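File shown: run07.txt. Contents: compact mmCIF, C-alpha atoms.
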# COMPACT_ATOMS: atom_id res chain seq x y z
CA MET A 1 31.86 155.79 110.56
CA THR A 2 28.99 156.27 113.00
CA ILE A 3 28.97 158.16 116.28
CA SER A 4 26.97 157.08 119.34
CA ILE A 5 26.49 159.22 122.43
CA GLY A 6 25.64 158.18 125.98
CA ILE A 7 25.32 160.11 129.25
CA LEU A 8 27.20 159.77 132.54
CA ASP A 9 25.35 161.35 135.47
CA GLN A 10 26.92 161.92 138.90
CA SER A 11 23.74 162.88 140.82
CA PRO A 12 25.14 166.27 141.93
CA ILE A 13 23.61 167.85 145.02
CA SER A 14 23.11 171.54 144.30
CA PRO A 15 23.54 174.14 147.08
CA GLY A 16 20.35 174.29 149.15
CA SER A 17 19.14 171.00 147.66
CA SER A 18 19.14 167.43 149.03
CA ALA A 19 20.31 163.96 148.05
CA SER A 20 16.69 162.93 147.45
CA GLU A 21 16.24 165.78 144.98
CA ALA A 22 19.54 164.95 143.26
CA LEU A 23 18.52 161.32 142.77
CA ALA A 24 15.07 162.36 141.54
CA GLN A 25 16.81 164.51 138.94
CA THR A 26 18.92 161.54 137.87
CA ILE A 27 15.74 159.53 137.29
CA ARG A 28 14.19 162.32 135.22
CA LEU A 29 17.40 162.71 133.25
CA ALA A 30 17.54 158.96 132.45
CA GLN A 31 13.98 159.15 131.18
CA LYS A 32 14.82 162.22 129.11
CA ALA A 33 17.91 160.47 127.71
CA GLU A 34 15.73 157.58 126.58
CA GLU A 35 13.20 159.99 125.07
CA LEU A 36 15.98 161.76 123.15
CA GLY A 37 17.38 158.47 121.86
CA PHE A 38 20.74 158.40 123.66
CA GLN A 39 22.65 155.11 123.50
CA ARG A 40 23.18 154.50 127.22
CA PHE A 41 22.91 156.14 130.65
CA TRP A 42 25.57 155.51 133.29
CA VAL A 43 25.79 156.55 136.95
CA SER A 44 28.93 157.04 139.02
CA GLU A 45 30.20 155.89 142.42
CA HIS A 46 31.41 158.45 144.97
CA HIS A 47 31.77 157.97 148.72
CA ASP A 48 31.65 160.23 151.77
CA SER A 49 30.64 163.21 149.61
CA GLU A 50 28.47 166.21 150.46
CA PHE A 51 28.15 167.09 146.78
CA LEU A 52 27.34 163.81 144.99
CA ALA A 53 24.52 161.42 145.93
CA GLY A 54 25.49 158.35 143.90
CA SER A 55 27.35 156.14 146.38
CA SER A 56 25.65 152.87 145.35
CA PRO A 57 25.34 152.55 141.57
CA GLU A 58 23.95 149.01 141.74
CA VAL A 59 20.93 150.18 143.71
CA LEU A 60 20.42 153.24 141.50
CA ILE A 61 20.76 151.18 138.31
CA SER A 62 18.02 148.82 139.50
CA HIS A 63 15.65 151.74 140.03
CA LEU A 64 16.55 153.36 136.71
CA LEU A 65 15.93 150.12 134.84
CA ALA A 66 12.44 150.04 136.35
CA LYS A 67 11.83 153.67 135.37
CA THR A 68 12.93 153.26 131.73
CA GLU A 69 12.12 150.80 128.95
CA ARG A 70 14.83 150.62 126.29
CA ILE A 71 17.98 152.60 127.07
CA ARG A 72 21.03 150.73 128.39
CA ILE A 73 21.74 151.52 132.05
CA GLY A 74 25.10 151.01 133.73
CA SER A 75 27.89 152.05 136.04
CA GLY A 76 30.60 154.55 135.27
CA GLY A 77 31.96 152.90 137.28
CA ILE A 78 31.97 150.33 140.06
CA MET A 79 35.15 150.81 142.14
CA LEU A 80 36.14 147.16 142.08
CA GLN A 81 39.19 147.59 144.30
CA HIS A 82 36.86 147.78 147.30
CA TYR A 83 34.70 144.74 146.60
CA SER A 84 34.51 141.02 146.10
CA PRO A 85 34.32 140.25 142.35
CA TYR A 86 31.89 137.47 143.20
CA LYS A 87 29.43 139.83 144.90
CA VAL A 88 29.70 142.41 142.11
CA ALA A 89 28.99 139.64 139.59
CA GLU A 90 25.94 138.52 141.58
CA ASN A 91 24.61 142.09 141.73
CA PHE A 92 24.98 142.60 138.00
CA ASN A 93 23.68 139.15 137.12
CA VAL A 94 20.50 140.06 139.01
CA LEU A 95 20.30 143.36 137.13
CA ALA A 96 20.96 141.66 133.78
CA SER A 97 18.26 139.10 134.56
CA LEU A 98 15.79 141.86 135.42
CA ALA A 99 16.52 143.69 132.16
CA PRO A 100 18.22 141.39 129.63
CA GLY A 101 20.41 143.21 127.13
CA ARG A 102 20.23 146.57 128.91
CA VAL A 103 22.95 146.44 131.58
CA ASP A 104 26.54 147.76 131.43
CA LEU A 105 29.18 147.13 134.09
CA GLY A 106 31.79 149.85 133.91
CA VAL A 107 34.70 149.33 136.31
CA GLY A 108 36.73 152.26 137.64
CA ARG A 109 40.33 152.21 138.89
CA ALA A 110 40.02 155.21 141.24
CA PRO A 111 38.93 154.85 144.89
CA GLY A 112 35.84 157.02 144.41
CA GLY A 113 36.47 158.91 147.63
CA LEU A 114 39.04 160.01 150.20
CA PRO A 115 41.31 157.63 152.16
CA ARG A 116 38.82 157.47 155.06
CA SER A 117 36.07 155.99 152.87
CA THR A 118 38.56 153.57 151.30
CA GLN A 119 39.50 152.36 154.77
CA ALA A 120 35.83 151.92 155.66
CA LEU A 121 35.04 150.02 152.45
CA GLN A 122 38.05 147.72 152.79
CA HIS A 123 37.82 147.22 156.54
CA GLY A 124 38.45 143.60 157.47
CA VAL A 125 39.91 142.60 154.09
CA THR A 126 42.83 140.28 154.81
CA GLU A 127 43.77 139.02 151.34
CA PRO A 128 43.71 141.97 148.93
CA GLN A 129 43.87 141.16 145.21
CA THR A 130 45.31 143.31 142.45
CA LEU A 131 42.83 145.05 140.17
CA THR A 132 43.96 142.79 137.31
CA GLU A 133 43.15 139.71 139.38
CA LYS A 134 39.79 141.13 140.38
CA LEU A 135 38.84 142.06 136.80
CA THR A 136 39.80 138.61 135.53
CA GLU A 137 37.74 136.98 138.24
CA LEU A 138 34.80 139.34 137.75
CA GLU A 139 34.59 138.58 134.04
CA ALA A 140 34.76 134.85 134.72
CA TYR A 141 31.92 135.07 137.24
CA VAL A 142 29.72 137.32 135.08
CA ASN A 143 30.08 135.02 132.08
CA ASN A 144 29.97 131.77 134.11
CA GLN A 145 33.40 130.72 132.86
CA ILE A 146 35.36 129.86 136.00
CA PRO A 147 38.51 127.99 134.88
CA GLU A 148 39.22 124.52 136.24
CA ASP A 149 42.38 125.69 138.01
CA HIS A 150 40.45 128.30 140.02
CA PRO A 151 40.30 127.40 143.73
CA LEU A 152 36.51 127.85 143.67
CA TYR A 153 35.92 125.98 140.40
CA GLY A 154 32.28 124.94 140.10
CA ILE A 155 30.86 127.98 141.88
CA LYS A 156 28.29 130.13 140.05
CA ALA A 157 27.40 133.78 140.58
CA SER A 158 23.68 133.16 140.49
CA PRO A 159 21.41 133.93 138.83
CA ILE A 160 23.04 133.10 135.50
CA ALA A 161 21.94 135.89 133.16
CA SER A 162 20.80 134.94 129.66
CA ILE A 163 22.50 138.13 128.40
CA PRO A 164 25.28 139.05 130.87
CA ALA A 165 26.20 142.67 131.56
CA ASP A 166 28.82 144.14 129.22
CA ILE A 167 32.04 144.92 131.14
CA TYR A 168 34.04 148.10 130.43
CA LEU A 169 37.28 149.32 132.01
CA LEU A 170 37.44 153.05 132.76
CA GLY A 171 40.72 154.94 132.96
CA ALA A 172 42.71 158.03 132.03
CA SER A 173 46.23 156.78 131.25
CA PRO A 174 48.18 154.43 128.98
CA ASP A 175 48.44 152.04 131.97
CA SER A 176 44.67 151.60 132.11
CA ALA A 177 44.60 151.22 128.32
CA GLN A 178 47.21 148.47 128.53
CA LEU A 179 45.23 146.69 131.23
CA ALA A 180 42.00 146.80 129.20
CA ALA A 181 43.90 145.55 126.13
CA SER A 182 45.54 142.67 128.02
CA LEU A 183 42.14 141.49 129.27
CA GLY A 184 40.38 142.02 125.94
CA LEU A 185 37.83 144.43 127.45
CA PRO A 186 36.19 147.55 126.02
CA TYR A 187 37.98 150.69 127.22
CA VAL A 188 36.69 154.13 128.25
CA PHE A 189 39.25 156.96 128.39
CA SER A 190 38.20 159.96 130.49
CA LEU A 191 39.35 163.12 128.72
CA SER A 192 37.40 165.15 131.27
CA ILE A 193 39.76 163.88 133.99
CA ASN A 194 43.03 163.71 132.09
CA GLY A 195 42.42 166.80 129.94
CA ASP A 196 45.27 165.98 127.53
CA ARG A 197 44.23 165.10 123.98
CA SER A 198 47.66 163.72 123.18
CA ALA A 199 47.38 161.40 126.19
CA ALA A 200 43.97 160.25 124.95
CA ILE A 201 45.34 159.53 121.49
CA GLU A 202 48.32 157.67 122.97
CA ALA A 203 46.17 155.61 125.35
CA ILE A 204 43.77 154.57 122.61
CA GLN A 205 46.67 153.65 120.31
CA VAL A 206 48.20 151.57 123.12
CA TYR A 207 44.84 149.91 123.65
CA ARG A 208 44.30 149.00 120.01
CA SER A 209 47.86 147.86 119.30
CA ASN A 210 48.01 145.60 122.39
CA PHE A 211 44.46 144.28 122.36
CA GLN A 212 44.21 140.61 123.31
CA ARG A 213 42.30 139.13 120.40
CA ALA A 214 42.20 135.71 122.03
CA SER A 215 39.21 137.16 123.91
CA ASN A 216 37.23 136.68 120.67
CA ARG A 217 36.30 140.38 120.80
CA SER A 218 37.37 143.36 118.79
CA PRO A 219 38.87 146.46 120.45
CA ARG A 220 36.27 149.02 121.39
CA ALA A 221 37.35 152.43 122.69
CA ILE A 222 35.01 155.11 124.05
CA LEU A 223 35.90 158.69 124.96
CA ALA A 224 34.36 160.24 128.10
CA LEU A 225 33.89 164.01 127.90
CA SER A 226 32.45 166.99 129.72
CA VAL A 227 30.14 168.67 127.18
CA ILE A 228 28.01 171.81 127.40
CA VAL A 229 25.86 172.90 124.47
CA ALA A 230 24.10 176.29 124.40
CA ASP A 231 22.50 178.44 121.73
CA THR A 232 25.72 180.44 121.29
CA ASP A 233 29.41 179.94 122.10
CA GLN A 234 29.25 182.83 124.57
CA ALA A 235 26.30 181.30 126.43
CA ALA A 236 28.07 177.92 126.62
CA HIS A 237 31.20 179.52 128.11
CA ALA A 238 29.06 181.32 130.69
CA LEU A 239 27.40 178.02 131.69
CA ALA A 240 30.69 176.17 131.88
CA PHE A 241 32.64 178.79 133.87
CA GLU A 242 36.27 177.75 134.49
CA GLN A 243 36.02 174.23 135.79
CA LYS A 244 38.96 172.90 137.79
CA HIS A 245 40.05 169.59 139.22
CA TYR A 246 42.97 168.73 141.47
CA LYS A 247 45.55 165.96 141.36
CA VAL A 248 46.98 164.79 144.68
CA TYR A 249 50.40 163.13 144.60
CA LEU A 250 51.34 161.19 147.74
CA ALA A 251 54.94 160.53 148.78
CA SER A 252 54.25 156.79 148.50
CA GLY A 253 53.64 157.20 144.76
CA LYS A 254 49.86 156.94 144.89
CA LYS A 255 47.78 159.67 143.27
CA ALA A 256 44.15 160.69 143.05
CA THR A 257 41.99 163.24 141.25
CA VAL A 258 39.32 165.21 143.14
CA GLY A 259 36.97 168.06 142.33
CA THR A 260 37.94 170.81 144.78
CA LEU A 261 41.04 172.17 146.51
CA GLU A 262 39.40 171.44 149.87
CA GLN A 263 38.95 167.79 148.91
CA ALA A 264 42.55 167.60 147.74
CA GLU A 265 43.84 168.99 151.04
CA GLU A 266 41.58 166.63 152.98
CA PHE A 267 42.77 163.69 150.88
CA GLY A 268 46.36 164.50 151.78
CA ARG A 269 45.48 164.93 155.45
CA GLN A 270 43.63 161.61 155.64
CA ALA A 271 46.44 159.81 153.80
CA ASN A 272 48.75 160.85 156.64
CA GLU A 273 51.83 161.20 154.46
CA PRO A 274 53.56 164.04 152.58
CA TYR A 275 51.72 165.18 149.48
CA THR A 276 51.61 167.79 146.74
CA ILE A 277 48.60 169.20 144.87
CA GLU A 278 48.42 170.18 141.21
CA GLU A 279 45.57 172.38 139.96
CA LYS A 280 44.29 171.44 136.50
CA THR A 281 41.75 173.04 134.18
CA THR A 282 39.03 170.54 133.32
CA GLU A 283 38.67 169.82 129.62
CA VAL A 284 35.15 170.91 128.60
CA THR A 285 33.81 170.60 125.06
CA ARG A 286 31.56 173.66 124.93
CA GLY A 287 29.84 175.92 122.46
CA SER A 288 26.88 176.23 120.15
CA ARG A 289 25.45 173.20 118.39
CA GLU A 290 27.67 173.86 115.38
CA THR A 291 30.81 174.39 117.46
CA VAL A 292 30.31 171.25 119.54
CA ARG A 293 29.50 169.20 116.46
CA GLU A 294 32.83 170.20 114.89
CA GLN A 295 34.71 169.51 118.13
CA LEU A 296 33.21 166.03 118.42
CA LEU A 297 33.94 165.22 114.79
CA ASP A 298 37.51 166.47 115.30
CA LEU A 299 37.94 164.23 118.34
CA GLN A 300 36.60 161.33 116.33
CA ARG A 301 39.12 162.00 113.56
CA LEU A 302 41.98 162.21 116.08
CA THR A 303 41.10 159.10 118.08
CA GLY A 304 39.00 156.95 115.78
CA VAL A 305 36.38 156.35 118.48
CA GLU A 306 32.78 155.71 117.50
CA GLU A 307 31.20 156.56 120.85
CA PHE A 308 31.30 159.33 123.44
CA ILE A 309 30.06 159.19 127.03
CA VAL A 310 29.29 162.75 128.11
CA THR A 311 28.48 164.60 131.30
CA ALA A 312 27.28 168.19 131.66
CA ARG A 313 28.46 169.92 134.84
CA ILE A 314 25.73 172.54 134.99
CA GLU A 315 24.35 173.40 138.42
CA ASP A 316 20.86 174.37 137.24
CA PHE A 317 19.00 171.16 136.38
CA ALA A 318 16.74 172.73 133.76
CA GLU A 319 19.79 174.16 131.97
CA ARG A 320 21.50 170.77 132.18
CA VAL A 321 18.53 169.11 130.50
CA ARG A 322 18.47 171.77 127.79
CA SER A 323 22.16 171.17 127.12
CA TYR A 324 21.46 167.47 126.54
CA GLU A 325 18.51 168.34 124.31
CA ARG A 326 20.77 170.50 122.17
CA LEU A 327 23.42 167.75 122.17
CA ALA A 328 20.83 165.33 120.76
CA GLU A 329 20.48 167.74 117.83
CA VAL A 330 24.21 168.30 117.35
CA LEU A 331 25.02 165.43 115.03
CA LYS A 332 21.75 165.25 113.12
CA GLY A 333 22.37 165.07 109.42
CA VAL A 334 25.45 162.83 109.70
CA GLU A 335 25.56 159.06 110.02
CA THR A 336 25.09 158.89 113.76
CA SER A 337 22.98 157.65 116.63
CA VAL A 338 22.68 159.63 119.83
What does this structure look like when you write it as structure tokens?
Amino acid sequence: MTISIGILDQSPISPGSSASEALAQTIRLAQKAEELGFQRFWVSEHHDSEFLAGSSPEVLISHLLAKTERIRIGSGGIMLQHYSPYKVAENFNVLASLAPGRVDLGVGRAPGGLPRSTQALQHGVTEPQTLTEKLTELEAYVNNQIPEDHPLYGIKASPIASIPADIYLLGASPDSAQLAASLGLPYVFSLSINGDRSAAIEAIQVYRSNFQRASNRSPRAILALSVIVADTDQAAHALAFEQKHYKVYLASGKKATVGTLEQAEEFGRQANEPYTIEEKTTEVTRGSRETVREQLLDLQRLTGVEEFIVTARIEDFAERVRSYERLAEVLKGVETSV
């Protein structure tokens, strides 16, 4: 079994830095990822954030495609709940026409921001669709396969791409796995958000056992991880520090995951309903080259995945690049492609 590795970058804005510098680092990192032979490079979508610059992955993907030559570039992910599937399909059909065979369309289930930004993004929407409805419609538009019973049958999301973007569903629960399976889509489980290996194993089993094979595809599961590789285990632990994330549970039953306690409290305040906050330790695969190699192989044995999408939450950009350089060396000598 082979292992492929890709990178997810969130364009973090370091203290004393700027959004322009953060995006410039993302460009350099995409070029480095291509140089190192990584499989793909994805960028995220976050709104109303002082700490992350990537609010418009479509725009950033276009620029990254122009700045690279071979590596696949994509979203991790587009927050489809906010948008028209037709417009998302048009955006990604343009990207796929600019760079045939190099574009991925990862779709996220989270809002990508606090309630205020969700309200701004969905302002004026009068006929909200479920995420399942939007995903179904998005795939039909991207692949130019609008069914005859669709109210807009005959419409095309132009331009029609010769090689459409590959669509992935991102999630961190058995529910998201079931949704990906029912639609016959590739599935990405975020262990860095969920942090529970047993939940990852369960979700991937749910995905594979319920996969809709009428889609004429085979199930394809990917594991998203936070990974830090240093020269020694001690150095990796020092780089990683104790990373936390926070789950916000609203009285209405909705929940969200954010990066800081301040964001969690602000989320609850903006939601304007009772809430509770749970502090969680972020799962980070960390250590020397040898340690990380064994951890990745162990995760592969447990889940059966053939690909990892990794992110390195290291504030210093030079150290972040060095971590990815070491990661590219981690699985050398086994049947793998980084």
(request) Excluding Ala271 in chain A and residues on its chain fewer than 4 positions from it, collect all residues at most 8 Å away from it, counting only C-alpha atoms, and give them as an NGL selection string. (result) :A and (115 or 250 or 267)
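Here CA of Asn143 in chain A and CA of Gly304 in chain A stand 28.7 Å from one another.
Comparing A:Leu105, A:Ala99, A:Leu179, A:Ala238 by their smallest distance to Ser162 in chain A, the closest is A:Ala99 (using only C-alpha atoms).
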(request) May I ask which of the residues A:Gln263, A:Asn194, A:Ser55, A:Thr311 is the closest one to Asp9 in chain A, counting only C-alpha atoms? (result) A:Thr311
Can you list every residue of range 179-283 of chain A that has an atom at most 8 Å from range 319-333 of chain A, with its nearest atom pair and the distance in Å to one decimal, using all atoms listed in the file, ordered by chain then number, as CSV?
residue,atom,partner,partner_atom,distance
A:Ile228,CA,A:Ser323,CA,5.9
A:Val229,CA,A:Ser323,CA,4.9
A:Ala230,CA,A:Ser323,CA,6.1
Completion step: range 140-151 of chain A with all heavy atoms as a tab-separated table (two decimals), keeping the file's coordinate frame:
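Here's the written file selection_36.tsv:
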chain	number	residue	atom	x	y	z
A	140	ALA	N	35.04	136.28	134.67
A	140	ALA	CA	34.76	134.85	134.72
A	140	ALA	C	33.43	134.56	135.42
A	140	ALA	O	32.63	133.74	134.97
A	140	ALA	CB	35.90	134.11	135.42
A	141	TYR	N	33.18	135.26	136.52
A	141	TYR	CA	31.92	135.07	137.24
A	141	TYR	C	30.72	135.55	136.42
A	141	TYR	O	29.70	134.86	136.33
A	141	TYR	CB	31.95	135.81	138.57
A	141	TYR	CG	32.78	135.18	139.65
A	141	TYR	CD1	33.62	135.95	140.45
A	141	TYR	CD2	32.70	133.81	139.91
A	141	TYR	CE1	34.38	135.37	141.46
A	141	TYR	CE2	33.46	133.23	140.92
A	141	TYR	CZ	34.29	134.00	141.69
A	141	TYR	OH	35.04	133.43	142.68
A	142	VAL	N	30.84	136.75	135.83
A	142	VAL	CA	29.72	137.32	135.08
A	142	VAL	C	29.33	136.42	133.90
A	142	VAL	O	28.15	136.24	133.59
A	142	VAL	CB	30.06	138.74	134.59
A	142	VAL	CG1	29.07	139.22	133.53
A	142	VAL	CG2	30.05	139.72	135.77
A	143	ASN	N	30.34	135.84	133.25
A	143	ASN	CA	30.08	135.02	132.08
A	143	ASN	C	30.03	133.52	132.38
A	143	ASN	O	29.97	132.70	131.46
A	143	ASN	CB	31.14	135.30	131.01
A	143	ASN	CG	31.02	136.71	130.45
A	143	ASN	OD1	30.10	137.01	129.72
A	143	ASN	ND2	31.96	137.58	130.82
A	144	ASN	N	30.06	133.17	133.68
A	144	ASN	CA	29.97	131.77	134.11
A	144	ASN	C	31.04	130.92	133.42
A	144	ASN	O	30.76	129.84	132.87
A	144	ASN	CB	28.57	131.20	133.83
A	144	ASN	CG	28.34	129.87	134.53
A	144	ASN	OD1	28.91	129.60	135.59
A	144	ASN	ND2	27.51	129.02	133.94
A	145	GLN	N	32.30	131.41	133.50
A	145	GLN	CA	33.40	130.72	132.86
A	145	GLN	C	34.57	130.57	133.82
A	145	GLN	O	35.71	130.91	133.50
A	145	GLN	CB	33.83	131.46	131.59
A	145	GLN	CG	32.77	131.50	130.51
A	145	GLN	CD	33.17	132.34	129.31
A	145	GLN	OE1	34.12	133.12	129.36
A	145	GLN	NE2	32.46	132.17	128.21
A	146	ILE	N	34.31	130.06	135.01
A	146	ILE	CA	35.36	129.86	136.00
A	146	ILE	C	36.29	128.75	135.53
A	146	ILE	O	35.84	127.63	135.26
A	146	ILE	CB	34.77	129.50	137.37
A	146	ILE	CG1	33.81	130.59	137.85
A	146	ILE	CG2	35.87	129.28	138.40
A	146	ILE	CD1	34.45	131.93	138.05
A	147	PRO	N	37.60	129.02	135.38
A	147	PRO	CA	38.51	127.99	134.88
A	147	PRO	C	38.70	126.85	135.89
A	147	PRO	O	38.51	127.03	137.10
A	147	PRO	CB	39.82	128.76	134.67
A	147	PRO	CG	39.72	129.95	135.57
A	147	PRO	CD	38.28	130.30	135.63
A	148	GLU	N	39.09	125.72	135.39
A	148	GLU	CA	39.22	124.52	136.24
A	148	GLU	C	40.30	124.68	137.30
A	148	GLU	O	40.23	124.04	138.36
A	148	GLU	CB	39.52	123.30	135.38
A	148	GLU	CG	38.34	122.88	134.50
A	148	GLU	CD	38.60	121.57	133.77
A	148	GLU	OE1	39.60	120.90	134.10
A	148	GLU	OE2	37.80	121.22	132.89
A	149	ASP	N	41.31	125.53	137.03
A	149	ASP	CA	42.38	125.69	138.01
A	149	ASP	C	42.05	126.75	139.07
A	149	ASP	O	42.87	127.03	139.94
A	149	ASP	CB	43.70	126.04	137.31
A	149	ASP	CG	43.63	127.34	136.52
A	149	ASP	OD1	42.53	127.92	136.41
A	149	ASP	OD2	44.68	127.78	136.01
A	150	HIS	N	40.86	127.33	139.01
A	150	HIS	CA	40.45	128.30	140.02
A	150	HIS	C	40.13	127.56	141.32
A	150	HIS	O	39.51	126.49	141.30
A	150	HIS	CB	39.21	129.07	139.54
A	150	HIS	CG	38.88	130.28	140.37
A	150	HIS	ND1	38.24	130.19	141.59
A	150	HIS	CD2	39.11	131.60	140.15
A	150	HIS	CE1	38.08	131.40	142.08
A	150	HIS	NE2	38.59	132.27	141.24
A	151	PRO	N	40.55	128.11	142.46
A	151	PRO	CA	40.30	127.40	143.73
A	151	PRO	C	38.82	127.20	144.04
A	151	PRO	O	38.48	126.31	144.83
A	151	PRO	CB	40.97	128.30	144.78
A	151	PRO	CG	41.17	129.62	144.11
A	151	PRO	CD	41.34	129.33	142.66
